[in-house]
Amino acid sequence: MYFRAYFILLKGFVAGLILCGWQISSAFAFDLGLGIAAVEQGDDSQRPAVVINAGTNFYAVRAYAYGRDYGPVSERTYSLSLLRRFGILASKDIEATLGMVIMNEQISLNYTSDQEAVAEAAQKKAISSTENNYNIGAAMGIYYRILRTPLDVSLGWEAHLFPAGVQGGILLSTGRKQYLSLSSGYTW
Amino acid sequence: MCCGILTPSKAWAKKLYFRVGPPALGNGGPNPISIPPTNVAEWEVSYVNDAHREYVYSISPGFFYGFLTEFSGGLYVGLGPGIVINANGVGLGGYSSVGYEFGCGFLCFSLEYKQAVGIAGAGVISPYALRLGFGFEM
């Protein structure tokens, strides 16, 4: 299960390394990239994820996806962050982003016909279903460009912060997903 | 790509900040802030000098020395190295923060999100905290 996920992530990273495009404008910059990330969800354990990013001089969009399968249960998390970019520390290689994120945590039960038959024989039910849980939060990130050639490589540290319940805004309790990423792409 | 029309603010005075808010210690997420905020783990003291350098003291995420970039309108971003502390260990690492300063008069109010990443014996630790507080010029 994890070997398949890592293989998919490796293929995606290699695809990002060979991206190419055309010149749009010398005054307007556009970048597109693909990479891998380690996701932490409050327990200090890291999970692999894939990241796709696109951006202009002042704005960026980043999408993350990760998940796992165990038995008939599939967990998938998809997030899309819309970000404003700005330079910090008077550096051309370090930038910060601030914006919002939309997340979907999807849980699916996928029973095979054999599993359904076994459940039916035990006078139980095995019903395939999918549940989607959406949330909106704040996103902030720090990025460092370690290669500045036609092929760009950058390290990212992004956090998605969500209020924990209705009282989260008053009592400052939150849920967070942290992404430590390595991505590559191209800037026109 | 260094970009943005947000204007870094050059004028800055020495300030001392007191903030409170529940930290996430790596064991599932932060609990709601205690009322009144008497839990020492929720406190943070930071000092910012007129060279935009920040010294942070807190039980979690830890102790840091950072570099601030302040923007006109009250927004600021911090980044720097330090000692990271959470329920799973203590180790060397760094922090980043984004905050908003508002309502400045005798005091300036501050809402800040601070996160840290470090290497401890148990592996990578990643505490964070959302804190609200005030600061005053020294």
# chains A, B, ... in the order shown; residues from 1 in each chain; ligands from 1

$ select_by_dssp --residues "region 15-166 of chain A" --states "alpha helix (DSSP H)" --output "count of residues only"
12

$ select_by_dssp --residues "region 25-116 of chain A" --states "strand (DSSP E)" --output "JSON, numbers by chain"
{"A": [31, 32, 33, 34, 35, 36, 37, 38, 39, 40, 46, 47, 48, 49, 50, 51, 52, 53, 54, 55, 59, 60, 61, 62, 63, 64, 65, 66, 67, 68, 69, 70, 73, 74, 75, 76, 77, 78, 79, 80, 81, 82, 83, 84, 85, 86, 87, 94, 95, 96, 97, 98, 99, 100, 101, 102, 103, 104, 105, 106, 107, 108, 109]}

$ write_last_selection --atoms "C-alpha atoms" --output "CSV table (one decimal), in the first residue's frame"
chain,number,residue,atom,x,y,z
A,31,ASP,CA,5.3,29.3,-12.4
A,32,LEU,CA,4.1,25.7,-12.3
A,33,GLY,CA,5.4,22.9,-10.2
A,34,LEU,CA,5.0,19.4,-8.7
A,35,GLY,CA,6.4,17.8,-5.7
A,36,ILE,CA,6.1,15.6,-2.6
A,37,ALA,CA,5.4,16.6,1.0
A,38,ALA,CA,5.3,15.2,4.5
A,39,VAL,CA,2.0,15.8,6.3
A,40,GLU,CA,1.8,16.1,10.1
A,46,GLN,CA,4.6,12.2,9.0
A,47,ARG,CA,2.6,10.9,6.1
A,48,PRO,CA,3.5,11.2,2.4
A,49,ALA,CA,1.5,13.6,0.1
A,50,VAL,CA,1.7,15.0,-3.4
A,51,VAL,CA,1.6,18.7,-4.1
A,52,ILE,CA,0.8,20.7,-7.2
A,53,ASN,CA,1.4,24.4,-7.3
A,54,ALA,CA,0.9,27.3,-9.7
A,55,GLY,CA,1.4,31.0,-9.3
A,59,TYR,CA,-0.7,34.9,-6.1
A,60,ALA,CA,-0.4,31.2,-5.8
A,61,VAL,CA,-2.6,28.1,-5.7
A,62,ARG,CA,-1.4,24.9,-4.1
A,63,ALA,CA,-3.2,21.6,-4.0
A,64,TYR,CA,-2.3,18.7,-1.7
A,65,ALA,CA,-3.5,15.1,-1.8
A,66,TYR,CA,-2.8,12.1,0.4
A,67,GLY,CA,-4.4,9.1,1.9
A,68,ARG,CA,-4.3,5.5,2.9
A,69,ASP,CA,-6.1,2.2,2.5
A,70,TYR,CA,-6.7,-0.4,5.1
A,73,VAL,CA,-11.7,1.6,4.3
A,74,SER,CA,-10.1,4.3,2.2
A,75,GLU,CA,-9.1,7.7,3.6
A,76,ARG,CA,-8.3,10.6,1.2
A,77,THR,CA,-7.6,14.2,2.1
A,78,TYR,CA,-7.6,16.9,-0.6
A,79,SER,CA,-6.8,20.5,0.1
A,80,LEU,CA,-6.7,23.6,-2.1
A,81,SER,CA,-5.0,26.8,-0.8
A,82,LEU,CA,-5.4,30.2,-2.4
A,83,LEU,CA,-2.4,32.4,-1.3
A,84,ARG,CA,-1.0,35.9,-1.5
A,85,ARG,CA,2.8,35.8,-2.0
A,86,PHE,CA,5.3,38.4,-0.6
A,87,GLY,CA,9.0,38.5,-0.1
A,94,ILE,CA,12.7,33.4,0.6
A,95,GLU,CA,9.0,34.2,0.4
A,96,ALA,CA,6.0,33.9,2.6
A,97,THR,CA,2.4,33.3,1.7
A,98,LEU,CA,-0.9,34.0,3.5
A,99,GLY,CA,-4.4,33.0,2.4
A,100,MET,CA,-7.2,30.5,2.8
A,101,VAL,CA,-7.6,26.8,2.3
A,102,ILE,CA,-10.5,24.5,1.5
A,103,MET,CA,-10.2,20.9,2.6
A,104,ASN,CA,-12.1,17.7,2.0
A,105,GLU,CA,-11.5,14.6,4.2
A,106,GLN,CA,-13.2,11.7,2.4
A,107,ILE,CA,-13.8,8.3,3.9
A,108,SER,CA,-15.0,5.5,1.7
A,109,LEU,CA,-16.2,2.0,2.5

$ interface_residues --of "chain A" --to "chain B" --cutoff "6 Å" --atoms "only C-alpha atoms" --output "MDAnalysis selection string"
chainID A and resid 42:44 57:58 86:88 92 171 173

$ write_last_selection --atoms "C-alpha atoms" --output "tab-separated table (two decimals), in the first residue's frame"
chain	number	residue	atom	x	y	z
A	42	GLY	CA	-1.16	16.90	15.35
A	43	ASP	CA	0.59	13.72	16.44
A	44	ASP	CA	4.15	14.35	15.19
A	57	ASN	CA	4.01	37.32	-9.27
A	58	PHE	CA	1.62	37.93	-6.38
A	86	PHE	CA	5.26	38.35	-0.58
A	87	GLY	CA	8.99	38.50	-0.06
A	88	ILE	CA	10.52	38.61	3.40
A	92	LYS	CA	14.93	36.94	-3.45
A	171	LEU	CA	-11.11	29.67	22.96
A	173	SER	CA	-8.39	25.85	19.95

$ closest_residue --among "B:Ala13, B:Met138, B:Tyr100, B:Gly118" --to "Asp50 (chain B)" --atoms "only C-alpha atoms"
B:Ala13

$ residues_around --residues "Cys108 (chain B)" --least-positions-apart "2" --cutoff "9 Å" --atoms "only C-alpha atoms" --output "CSV table (one decimal) with C-alpha atoms, in the first residue's frame"
chain,number,residue,atom,x,y,z
B,17,TYR,CA,4.9,41.3,24.2
B,101,GLU,CA,-0.9,43.9,15.3
B,102,PHE,CA,-3.9,46.2,15.9
B,103,GLY,CA,-5.5,48.7,18.1
B,104,CYS,CA,-2.2,50.4,19.0
B,105,GLY,CA,-2.4,53.2,21.6
B,106,PHE,CA,-0.7,52.8,24.9
B,110,SER,CA,-1.4,41.1,18.8
B,133,GLY,CA,-1.9,39.3,23.6
B,134,PHE,CA,-0.5,42.8,23.9
B,135,GLY,CA,2.7,44.6,23.6
B,136,PHE,CA,4.1,47.9,24.7
B,137,GLU,CA,7.1,50.1,23.7

$ residues_around --residues "Gly66 (chain B)" --least-positions-apart "4" --cutoff "12 Å" --atoms "only C-alpha atoms" --output "PDB file with all heavy atoms, in the first residue's frame"
ATOM      1  N   LEU A  89      12.511  39.252   4.588  1.00  0.00           N
ATOM      2  CA  LEU A  89      13.933  39.270   4.951  1.00  0.00           C
ATOM      3  C   LEU A  89      14.808  39.804   3.830  1.00  0.00           C
ATOM      4  O   LEU A  89      15.987  39.483   3.755  1.00  0.00           O
ATOM      5  CB  LEU A  89      14.399  37.851   5.346  1.00  0.00           C
ATOM      6  CG  LEU A  89      13.645  37.187   6.497  1.00  0.00           C
ATOM      7  CD1 LEU A  89      14.198  35.806   6.778  1.00  0.00           C
ATOM      8  CD2 LEU A  89      13.728  38.058   7.746  1.00  0.00           C
TER       9      LEU A  89
ATOM     10  N   SER B  46       7.735  37.688  24.373  1.00  0.00           N
ATOM     11  CA  SER B  46       8.697  37.940  23.297  1.00  0.00           C
ATOM     12  C   SER B  46       9.139  39.398  23.334  1.00  0.00           C
ATOM     13  O   SER B  46       8.356  40.290  23.667  1.00  0.00           O
ATOM     14  CB  SER B  46       8.113  37.582  21.930  1.00  0.00           C
ATOM     15  OG  SER B  46       7.162  38.539  21.503  1.00  0.00           O
ATOM     16  N   TYR B  47      10.381  39.593  23.013  1.00  0.00           N
ATOM     17  CA  TYR B  47      10.967  40.931  22.981  1.00  0.00           C
ATOM     18  C   TYR B  47      11.474  41.187  21.582  1.00  0.00           C
ATOM     19  O   TYR B  47      12.196  40.363  21.015  1.00  0.00           O
ATOM     20  CB  TYR B  47      12.105  41.025  23.999  1.00  0.00           C
ATOM     21  CG  TYR B  47      12.933  42.276  23.871  1.00  0.00           C
ATOM     22  CD1 TYR B  47      12.411  43.507  24.244  1.00  0.00           C
ATOM     23  CD2 TYR B  47      14.230  42.236  23.377  1.00  0.00           C
ATOM     24  CE1 TYR B  47      13.158  44.666  24.127  1.00  0.00           C
ATOM     25  CE2 TYR B  47      14.981  43.383  23.257  1.00  0.00           C
ATOM     26  CZ  TYR B  47      14.438  44.596  23.635  1.00  0.00           C
ATOM     27  OH  TYR B  47      15.186  45.737  23.499  1.00  0.00           O
ATOM     28  N   VAL B  48      11.086  42.321  21.024  1.00  0.00           N
ATOM     29  CA  VAL B  48      11.526  42.700  19.683  1.00  0.00           C
ATOM     30  C   VAL B  48      12.322  43.980  19.789  1.00  0.00           C
ATOM     31  O   VAL B  48      11.803  44.977  20.316  1.00  0.00           O
ATOM     32  CB  VAL B  48      10.325  42.902  18.736  1.00  0.00           C
ATOM     33  CG1 VAL B  48      10.816  43.260  17.326  1.00  0.00           C
ATOM     34  CG2 VAL B  48       9.459  41.656  18.688  1.00  0.00           C
ATOM     35  N   ASN B  49      13.558  43.960  19.303  1.00  0.00           N
ATOM     36  CA  ASN B  49      14.369  45.179  19.383  1.00  0.00           C
ATOM     37  C   ASN B  49      14.200  46.034  18.124  1.00  0.00           C
ATOM     38  O   ASN B  49      13.477  45.664  17.195  1.00  0.00           O
ATOM     39  CB  ASN B  49      15.832  44.839  19.662  1.00  0.00           C
ATOM     40  CG  ASN B  49      16.492  44.076  18.524  1.00  0.00           C
ATOM     41  OD1 ASN B  49      16.007  44.082  17.386  1.00  0.00           O
ATOM     42  ND2 ASN B  49      17.598  43.409  18.816  1.00  0.00           N
ATOM     43  N   ALA B  51      16.089  46.518  15.768  1.00  0.00           N
ATOM     44  CA  ALA B  51      16.686  45.934  14.564  1.00  0.00           C
ATOM     45  C   ALA B  51      15.827  44.801  14.020  1.00  0.00           C
ATOM     46  O   ALA B  51      16.304  43.999  13.206  1.00  0.00           O
ATOM     47  CB  ALA B  51      18.084  45.412  14.878  1.00  0.00           C
ATOM     48  N   HIS B  52      14.577  44.728  14.465  1.00  0.00           N
ATOM     49  CA  HIS B  52      13.630  43.706  14.001  1.00  0.00           C
ATOM     50  C   HIS B  52      14.058  42.303  14.397  1.00  0.00           C
ATOM     51  O   HIS B  52      13.757  41.340  13.698  1.00  0.00           O
ATOM     52  CB  HIS B  52      13.436  43.764  12.473  1.00  0.00           C
ATOM     53  CG  HIS B  52      12.979  45.094  11.963  1.00  0.00           C
ATOM     54  ND1 HIS B  52      11.736  45.278  11.400  1.00  0.00           N
ATOM     55  CD2 HIS B  52      13.582  46.293  11.933  1.00  0.00           C
ATOM     56  CE1 HIS B  52      11.618  46.554  11.041  1.00  0.00           C
ATOM     57  NE2 HIS B  52      12.723  47.184  11.353  1.00  0.00           N
ATOM     58  N   ARG B  53      14.754  42.152  15.501  1.00  0.00           N
ATOM     59  CA  ARG B  53      15.138  40.838  16.008  1.00  0.00           C
ATOM     60  C   ARG B  53      14.225  40.471  17.164  1.00  0.00           C
ATOM     61  O   ARG B  53      13.992  41.288  18.059  1.00  0.00           O
ATOM     62  CB  ARG B  53      16.587  40.827  16.473  1.00  0.00           C
ATOM     63  CG  ARG B  53      17.585  41.228  15.407  1.00  0.00           C
ATOM     64  CD  ARG B  53      17.665  40.194  14.296  1.00  0.00           C
ATOM     65  NE  ARG B  53      18.706  40.560  13.324  1.00  0.00           N
ATOM     66  CZ  ARG B  53      18.458  41.165  12.179  1.00  0.00           C
ATOM     67  NH1 ARG B  53      17.218  41.453  11.831  1.00  0.00           N
ATOM     68  NH2 ARG B  53      19.449  41.469  11.371  1.00  0.00           N
ATOM     69  N   GLU B  54      13.751  39.226  17.164  1.00  0.00           N
ATOM     70  CA  GLU B  54      12.793  38.787  18.170  1.00  0.00           C
ATOM     71  C   GLU B  54      13.398  37.697  19.047  1.00  0.00           C
ATOM     72  O   GLU B  54      14.049  36.778  18.544  1.00  0.00           O
ATOM     73  CB  GLU B  54      11.521  38.260  17.488  1.00  0.00           C
ATOM     74  CG  GLU B  54      10.453  37.818  18.454  1.00  0.00           C
ATOM     75  CD  GLU B  54       9.225  37.233  17.762  1.00  0.00           C
ATOM     76  OE1 GLU B  54       9.380  36.627  16.682  1.00  0.00           O
ATOM     77  OE2 GLU B  54       8.120  37.380  18.315  1.00  0.00           O
ATOM     78  N   TYR B  55      13.168  37.809  20.350  1.00  0.00           N
ATOM     79  CA  TYR B  55      13.574  36.787  21.311  1.00  0.00           C
ATOM     80  C   TYR B  55      12.287  36.221  21.912  1.00  0.00           C
ATOM     81  O   TYR B  55      11.507  36.956  22.503  1.00  0.00           O
ATOM     82  CB  TYR B  55      14.452  37.394  22.406  1.00  0.00           C
ATOM     83  CG  TYR B  55      15.721  38.024  21.896  1.00  0.00           C
ATOM     84  CD1 TYR B  55      15.704  39.311  21.372  1.00  0.00           C
ATOM     85  CD2 TYR B  55      16.931  37.332  21.920  1.00  0.00           C
ATOM     86  CE1 TYR B  55      16.869  39.909  20.896  1.00  0.00           C
ATOM     87  CE2 TYR B  55      18.103  37.918  21.449  1.00  0.00           C
ATOM     88  CZ  TYR B  55      18.057  39.199  20.939  1.00  0.00           C
ATOM     89  OH  TYR B  55      19.203  39.777  20.463  1.00  0.00           O
ATOM     90  N   VAL B  56      12.082  34.915  21.768  1.00  0.00           N
ATOM     91  CA  VAL B  56      10.833  34.281  22.176  1.00  0.00           C
ATOM     92  C   VAL B  56      11.078  33.331  23.331  1.00  0.00           C
ATOM     93  O   VAL B  56      12.013  32.523  23.278  1.00  0.00           O
ATOM     94  CB  VAL B  56      10.204  33.490  21.002  1.00  0.00           C
ATOM     95  CG1 VAL B  56       8.895  32.833  21.429  1.00  0.00           C
ATOM     96  CG2 VAL B  56       9.978  34.406  19.810  1.00  0.00           C
ATOM     97  N   TYR B  57      10.228  33.427  24.364  1.00  0.00           N
ATOM     98  CA  TYR B  57      10.321  32.553  25.524  1.00  0.00           C
ATOM     99  C   TYR B  57       8.947  31.936  25.768  1.00  0.00           C
ATOM    100  O   TYR B  57       7.993  32.634  26.062  1.00  0.00           O
ATOM    101  CB  TYR B  57      10.774  33.342  26.762  1.00  0.00           C
ATOM    102  CG  TYR B  57      12.042  34.125  26.544  1.00  0.00           C
ATOM    103  CD1 TYR B  57      11.984  35.451  26.119  1.00  0.00           C
ATOM    104  CD2 TYR B  57      13.291  33.542  26.741  1.00  0.00           C
ATOM    105  CE1 TYR B  57      13.145  36.188  25.909  1.00  0.00           C
ATOM    106  CE2 TYR B  57      14.450  34.269  26.543  1.00  0.00           C
ATOM    107  CZ  TYR B  57      14.373  35.584  26.115  1.00  0.00           C
ATOM    108  OH  TYR B  57      15.515  36.300  25.897  1.00  0.00           O
ATOM    109  N   VAL B  77       5.772  38.874   9.706  1.00  0.00           N
ATOM    110  CA  VAL B  77       6.178  37.478   9.545  1.00  0.00           C
ATOM    111  C   VAL B  77       7.516  37.303  10.247  1.00  0.00           C
ATOM    112  O   VAL B  77       8.388  38.160  10.141  1.00  0.00           O
ATOM    113  CB  VAL B  77       6.317  37.099   8.049  1.00  0.00           C
ATOM    114  CG1 VAL B  77       6.893  35.707   7.890  1.00  0.00           C
ATOM    115  CG2 VAL B  77       4.971  37.190   7.358  1.00  0.00           C
ATOM    116  N   GLY B  78       7.665  36.210  10.980  1.00  0.00           N
ATOM    117  CA  GLY B  78       8.901  35.933  11.686  1.00  0.00           C
ATOM    118  C   GLY B  78       9.484  34.592  11.281  1.00  0.00           C
ATOM    119  O   GLY B  78       8.757  33.679  10.879  1.00  0.00           O
ATOM    120  N   LEU B  79      10.809  34.492  11.403  1.00  0.00           N
ATOM    121  CA  LEU B  79      11.497  33.249  11.027  1.00  0.00           C
ATOM    122  C   LEU B  79      12.817  33.196  11.768  1.00  0.00           C
ATOM    123  O   LEU B  79      13.516  34.213  11.854  1.00  0.00           O
ATOM    124  CB  LEU B  79      11.750  33.250   9.507  1.00  0.00           C
ATOM    125  CG  LEU B  79      12.357  32.004   8.869  1.00  0.00           C
ATOM    126  CD1 LEU B  79      11.392  30.839   8.979  1.00  0.00           C
ATOM    127  CD2 LEU B  79      12.680  32.282   7.401  1.00  0.00           C
ATOM    128  N   GLY B  80      13.164  32.012  12.306  1.00  0.00           N
ATOM    129  CA  GLY B  80      14.437  31.935  12.993  1.00  0.00           C
ATOM    130  C   GLY B  80      14.694  30.596  13.644  1.00  0.00           C
ATOM    131  O   GLY B  80      13.798  29.742  13.706  1.00  0.00           O
ATOM    132  N   PRO B  81      15.902  30.394  14.144  1.00  0.00           N
ATOM    133  CA  PRO B  81      16.264  29.136  14.792  1.00  0.00           C
ATOM    134  C   PRO B  81      15.969  29.155  16.292  1.00  0.00           C
ATOM    135  O   PRO B  81      15.683  30.209  16.857  1.00  0.00           O
ATOM    136  CB  PRO B  81      17.781  29.085  14.550  1.00  0.00           C
ATOM    137  CG  PRO B  81      18.192  30.519  14.582  1.00  0.00           C
ATOM    138  CD  PRO B  81      17.050  31.303  14.010  1.00  0.00           C
ATOM    139  N   GLY B  82      16.065  27.970  16.901  1.00  0.00           N
ATOM    140  CA  GLY B  82      15.888  27.910  18.345  1.00  0.00           C
ATOM    141  C   GLY B  82      15.754  26.497  18.864  1.00  0.00           C
ATOM    142  O   GLY B  82      16.091  25.536  18.172  1.00  0.00           O
ATOM    143  N   ILE B  83      15.262  26.410  20.088  1.00  0.00           N
ATOM    144  CA  ILE B  83      15.049  25.134  20.762  1.00  0.00           C
ATOM    145  C   ILE B  83      13.557  24.827  20.758  1.00  0.00           C
ATOM    146  O   ILE B  83      12.761  25.615  21.278  1.00  0.00           O
ATOM    147  CB  ILE B  83      15.581  25.182  22.204  1.00  0.00           C
ATOM    148  CG1 ILE B  83      17.081  25.479  22.196  1.00  0.00           C
ATOM    149  CG2 ILE B  83      15.304  23.866  22.932  1.00  0.00           C
ATOM    150  CD1 ILE B  83      17.672  25.723  23.567  1.00  0.00           C
ATOM    151  N   GLY B  93      15.834  23.299  16.216  1.00  0.00           N
ATOM    152  CA  GLY B  93      15.004  23.483  15.034  1.00  0.00           C
ATOM    153  C   GLY B  93      14.798  24.939  14.746  1.00  0.00           C
ATOM    154  O   GLY B  93      15.694  25.757  14.985  1.00  0.00           O
ATOM    155  N   GLY B  94      13.644  25.278  14.236  1.00  0.00           N
ATOM    156  CA  GLY B  94      13.346  26.658  13.902  1.00  0.00           C
ATOM    157  C   GLY B  94      11.864  26.943  13.988  1.00  0.00           C
ATOM    158  O   GLY B  94      11.055  26.034  14.152  1.00  0.00           O
ATOM    159  N   TYR B  95      11.537  28.222  13.906  1.00  0.00           N
ATOM    160  CA  TYR B  95      10.137  28.612  13.974  1.00  0.00           C
ATOM    161  C   TYR B  95       9.793  29.551  12.830  1.00  0.00           C
ATOM    162  O   TYR B  95      10.676  30.147  12.193  1.00  0.00           O
ATOM    163  CB  TYR B  95       9.837  29.295  15.307  1.00  0.00           C
ATOM    164  CG  TYR B  95      10.101  30.794  15.326  1.00  0.00           C
ATOM    165  CD1 TYR B  95       9.053  31.708  15.205  1.00  0.00           C
ATOM    166  CD2 TYR B  95      11.403  31.289  15.465  1.00  0.00           C
ATOM    167  CE1 TYR B  95       9.294  33.069  15.214  1.00  0.00           C
ATOM    168  CE2 TYR B  95      11.634  32.656  15.471  1.00  0.00           C
ATOM    169  CZ  TYR B  95      10.585  33.544  15.359  1.00  0.00           C
ATOM    170  OH  TYR B  95      10.822  34.891  15.371  1.00  0.00           O
ATOM    171  N   SER B  96       8.516  29.641  12.551  1.00  0.00           N
ATOM    172  CA  SER B  96       7.997  30.683  11.676  1.00  0.00           C
ATOM    173  C   SER B  96       6.694  31.188  12.291  1.00  0.00           C
ATOM    174  O   SER B  96       6.023  30.444  13.007  1.00  0.00           O
ATOM    175  CB  SER B  96       7.746  30.176  10.254  1.00  0.00           C
ATOM    176  OG  SER B  96       6.699  29.244  10.220  1.00  0.00           O
ATOM    177  N   SER B  97       6.398  32.431  12.032  1.00  0.00           N
ATOM    178  CA  SER B  97       5.193  32.999  12.620  1.00  0.00           C
ATOM    179  C   SER B  97       4.586  34.011  11.667  1.00  0.00           C
ATOM    180  O   SER B  97       5.268  34.592  10.821  1.00  0.00           O
ATOM    181  CB  SER B  97       5.506  33.667  13.962  1.00  0.00           C
ATOM    182  OG  SER B  97       6.364  34.789  13.778  1.00  0.00           O
ATOM    183  N   LYS B 114       2.183  30.826  15.621  1.00  0.00           N
ATOM    184  CA  LYS B 114       3.607  30.500  15.624  1.00  0.00           C
ATOM    185  C   LYS B 114       3.740  28.981  15.533  1.00  0.00           C
ATOM    186  O   LYS B 114       3.061  28.261  16.265  1.00  0.00           O
ATOM    187  CB  LYS B 114       4.285  31.035  16.881  1.00  0.00           C
ATOM    188  CG  LYS B 114       5.784  30.803  16.941  1.00  0.00           C
ATOM    189  CD  LYS B 114       6.384  31.429  18.184  1.00  0.00           C
ATOM    190  CE  LYS B 114       6.917  32.820  17.893  1.00  0.00           C
ATOM    191  NZ  LYS B 114       6.122  33.878  18.480  1.00  0.00           N
ATOM    192  N   ALA B 116       6.690  25.583  14.931  1.00  0.00           N
ATOM    193  CA  ALA B 116       8.100  25.219  14.997  1.00  0.00           C
ATOM    194  C   ALA B 116       8.286  23.789  14.504  1.00  0.00           C
ATOM    195  O   ALA B 116       7.363  22.973  14.582  1.00  0.00           O
ATOM    196  CB  ALA B 116       8.626  25.355  16.428  1.00  0.00           C
TER     197      ALA B 116
END

$ atom_distance --atom1 "CA of Phe109 (chain B)" --atom2 "CA of Pro163 (chain A)"
20.6 Å

$ atom_distance --atom1 "CA of Gly165 (chain A)" --atom2 "CA of Ala41 (chain B)"
21.9 Å
